[in-house]
Structure formats: structure tokens, C-alpha cells
Amino acid sequence: MGTPTPGRPRAFDEQTVLDRAAEVFWRHGYEGASLSSLTSAMGINRPSLYATFGSKEELFRRAFARYHETNLANARAALQQPTAYAAVESFLRASADGLTADDHPAGCLSIQGGLSCSPENTRISEMLAAGRAATETALEERLSRAAKEGDLPEGVDSRALARFVMALSEGHAVHAAAGASREDLQASVDVAMRVLDLAPGPATSA
């Protein structure tokens, strides 16, 4: 192992500081997160931030990538249930639990981080939208497989169903950020699962 370069800032764990940065972005949004609040939470100074991450945007990109990787892995795990109905329920319930967990701000970084940004920061909104789209794609892939296996009612549009499930989960994120409890969100999932008829068989007309 080589000797540290003279004058090099004190070493820090990048994954830890990325998690701390994500929490600041989560609470304040991309534009609302000041460099002072970020460096204070991360426990590093501005020169170290710029030396390691280059810019505030790159810091956000890397913090969000770490957050999204974990969330997408959790979503894929929830979707491993043997039936489409159980997979959707598992996804929604795991999402509700995550949105109201005590170890991070309520809601979802991909919603609160920068759903609406000024024109010069449209890349942030696009990054978050791509993250949500990746989760929706995972849902669609699982439901498409269910359709091929005969595990969805005939005629059900797996893409539209995936979008519906995502819209419900994203709506829950908004409510969680506004103070809705885990019990509130799980009660909403109860209603959704009563409404969703995903038992195989001919589709019923309204």
C-alpha cells in the first residue's frame, strides 16, 4: 500500500458520506440542499467534496445511484412471489414499510429529491424519472411473465397494471412525506388488493 500523498484530506468512507448526502437531498430536495448542509452532514469540507465528487450534481448522481440500487434490489426481491397477486401485494407492502421506516426521512428520495427542478437542473428530474421507470420495468417484466404463465386474467395489460401499481406506490410516497403512518399506507394496500382481481381466467367486463 502506498503512502498517503502529502496534504491529502483525511480519509473517509465514501459509502457512508453518500448515505448522509442522500438524506440531505431527501429532506430538502436537490435544489434546496445547500453545500453547507451537505458538508456538515457528510462530515467533510468543501475541498474534499469537490475533490471526491467533482460537483454537487455528481454527488447527487452517486448518492441516488446507491439509493436506487438498494431500492430496486428490494423491489425485485418482493416480486419473487409465486403468483402475480402475491407479487403485487408483496411489492406494495414492502414499499409502504420502506416509505415509513424510522432510519431515514419519510417518503421516497426519487419523489422528494427533485420531481420539479428549474430548467438548469432538468438532468436531476430526468435521473429520478429514469430510476422510477426502472422499477416500473421490473414490475412489468414480472407481470408479463405471469401473463405468459397464465397467471393473470385474460386480456390484462401487464404494462398498464405495472403503471397502476407504481402510481399507487408513488402516491403513498407523497402521503408518507406528509405524515401518513405505516398503518395508513397498509390500509390503502388492503383496499387496493381487494379491488385488484388477478385470479387467472376470462377477464370480466365492467
# chains A, B, ... in the order shown; residues from 1 in each chain; ligands from 1

$ select_by_dssp --residues "segment 26-179 of chain A" --states "helix (DSSP H, G or I)" --output "count of residues only"
116

$ residues_around --residues "segment 27-39 of chain A" --least-positions-apart "3" --cutoff "7 Å" --atoms "only C-alpha atoms" --output "PDB file with N, CA and C atoms, in the first residue's frame"
ATOM      1  N   ALA A  21     -25.353  12.200   2.479  1.00  0.00           N
ATOM      2  CA  ALA A  21     -25.747  13.171   1.459  1.00  0.00           C
ATOM      3  C   ALA A  21     -27.148  12.862   0.943  1.00  0.00           C
ATOM      4  N   GLU A  23     -29.588  11.581   2.503  1.00  0.00           N
ATOM      5  CA  GLU A  23     -30.588  12.018   3.479  1.00  0.00           C
ATOM      6  C   GLU A  23     -30.839  13.522   3.388  1.00  0.00           C
ATOM      7  N   VAL A  24     -29.787  14.304   3.151  1.00  0.00           N
ATOM      8  CA  VAL A  24     -29.963  15.750   2.996  1.00  0.00           C
ATOM      9  C   VAL A  24     -30.780  16.050   1.740  1.00  0.00           C
ATOM     10  N   MET A  42     -22.175  15.284   5.940  1.00  0.00           N
ATOM     11  CA  MET A  42     -21.205  14.301   5.474  1.00  0.00           C
ATOM     12  C   MET A  42     -19.944  14.278   6.331  1.00  0.00           C
ATOM     13  N   GLY A  43     -19.724  15.337   7.117  1.00  0.00           N
ATOM     14  CA  GLY A  43     -18.543  15.400   7.956  1.00  0.00           C
ATOM     15  C   GLY A  43     -17.261  15.657   7.186  1.00  0.00           C
ATOM     16  N   ILE A  44     -17.381  16.335   6.043  1.00  0.00           N
ATOM     17  CA  ILE A  44     -16.198  16.668   5.244  1.00  0.00           C
ATOM     18  C   ILE A  44     -16.272  18.140   4.867  1.00  0.00           C
ATOM     19  N   ASN A  45     -15.162  18.686   4.379  1.00  0.00           N
ATOM     20  CA  ASN A  45     -15.170  20.082   3.965  1.00  0.00           C
ATOM     21  C   ASN A  45     -15.418  20.196   2.450  1.00  0.00           C
ATOM     22  N   ARG A  46     -15.600  21.415   1.989  1.00  0.00           N
ATOM     23  CA  ARG A  46     -15.902  21.602   0.564  1.00  0.00           C
ATOM     24  C   ARG A  46     -14.793  21.114  -0.357  1.00  0.00           C
ATOM     25  N   PRO A 105     -35.594   9.670   6.222  1.00  0.00           N
ATOM     26  CA  PRO A 105     -36.773  10.543   6.112  1.00  0.00           C
ATOM     27  C   PRO A 105     -37.964   9.787   5.516  1.00  0.00           C
ATOM     28  N   GLN A 112     -39.037  13.124  -3.615  1.00  0.00           N
ATOM     29  CA  GLN A 112     -38.693  14.377  -2.946  1.00  0.00           C
ATOM     30  C   GLN A 112     -37.391  15.003  -3.432  1.00  0.00           C
ATOM     31  N   GLY A 113     -36.541  14.207  -4.070  1.00  0.00           N
ATOM     32  CA  GLY A 113     -35.235  14.708  -4.459  1.00  0.00           C
ATOM     33  C   GLY A 113     -35.266  15.800  -5.510  1.00  0.00           C
ATOM     34  N   GLY A 114     -36.248  15.790  -6.354  1.00  0.00           N
ATOM     35  CA  GLY A 114     -36.260  16.809  -7.408  1.00  0.00           C
ATOM     36  C   GLY A 114     -37.294  16.531  -8.467  1.00  0.00           C
TER      37      GLY A 114
END

$ closest_residue --among "A:Leu79, A:Ala187, A:Leu196, A:Ala51" --to "Leu139 of chain A" --atoms "only C-alpha atoms"
A:Leu79

$ closest_residue --among "A:Ala77, A:Pro200, A:Arg20, A:Glu120" --to "Ser95 of chain A" --atoms "only C-alpha atoms"
A:Ala77

$ closest_residue --among "A:Ala134, A:Leu99, A:Ala160, A:Ala129" --to "Trp26 of chain A" --atoms "only C-alpha atoms"
A:Leu99

$ residues_around --residues "Gln81 of chain A" --least-positions-apart "6" --cutoff "12 Å" --atoms "only C-alpha atoms" --output "list in words"
Ala75, Ala87, Val88, Glu89, Ser90, Phe91, Arg142, Leu143 and Ala146 of chain A

$ atom_distance --atom1 "atom CA of Asn74 of chain A" --atom2 "atom CA of Ile111 of chain A"
17.4 Å

$ closest_residue --among "A:Leu49, A:Leu185, A:Val191, A:Ala63" --to "Ala173 of chain A" --atoms "only C-alpha atoms"
A:Leu185

$ atom_distance --atom1 "atom CA of Val189 of chain A" --atom2 "atom CA of Leu92 of chain A"
6.6 Å

$ residues_around --residues "Glu136 of chain A" --least-positions-apart "5" --cutoff "9 Å" --atoms "only C-alpha atoms" --output "list in words"
Gly131, Glu141, Arg159, Ala162, Arg163, Val165 and Met166 of chain A

$ write_last_selection --atoms "C-alpha atoms" --output "compact mmCIF listing (two decimals), in the first residue's frame"
# COMPACT_ATOMS: atom_id res chain seq x y z
CA GLY A 131 -34.96 5.47 -11.60
CA GLU A 141 -41.39 -7.85 -16.55
CA ARG A 159 -47.78 -2.64 -18.74
CA ALA A 162 -47.44 -2.11 -13.66
CA ARG A 163 -48.07 1.61 -14.12
CA VAL A 165 -49.11 -0.31 -9.09
CA MET A 166 -46.29 2.23 -9.42

$ closest_residue --among "A:Gly54, A:Pro47, A:Pro119, A:Gly107" --to "His172 of chain A" --atoms "only C-alpha atoms"
A:Gly107

$ atom_distance --atom1 "atom CA of Pro153 of chain A" --atom2 "atom CA of Ala94 of chain A"
24.3 Å
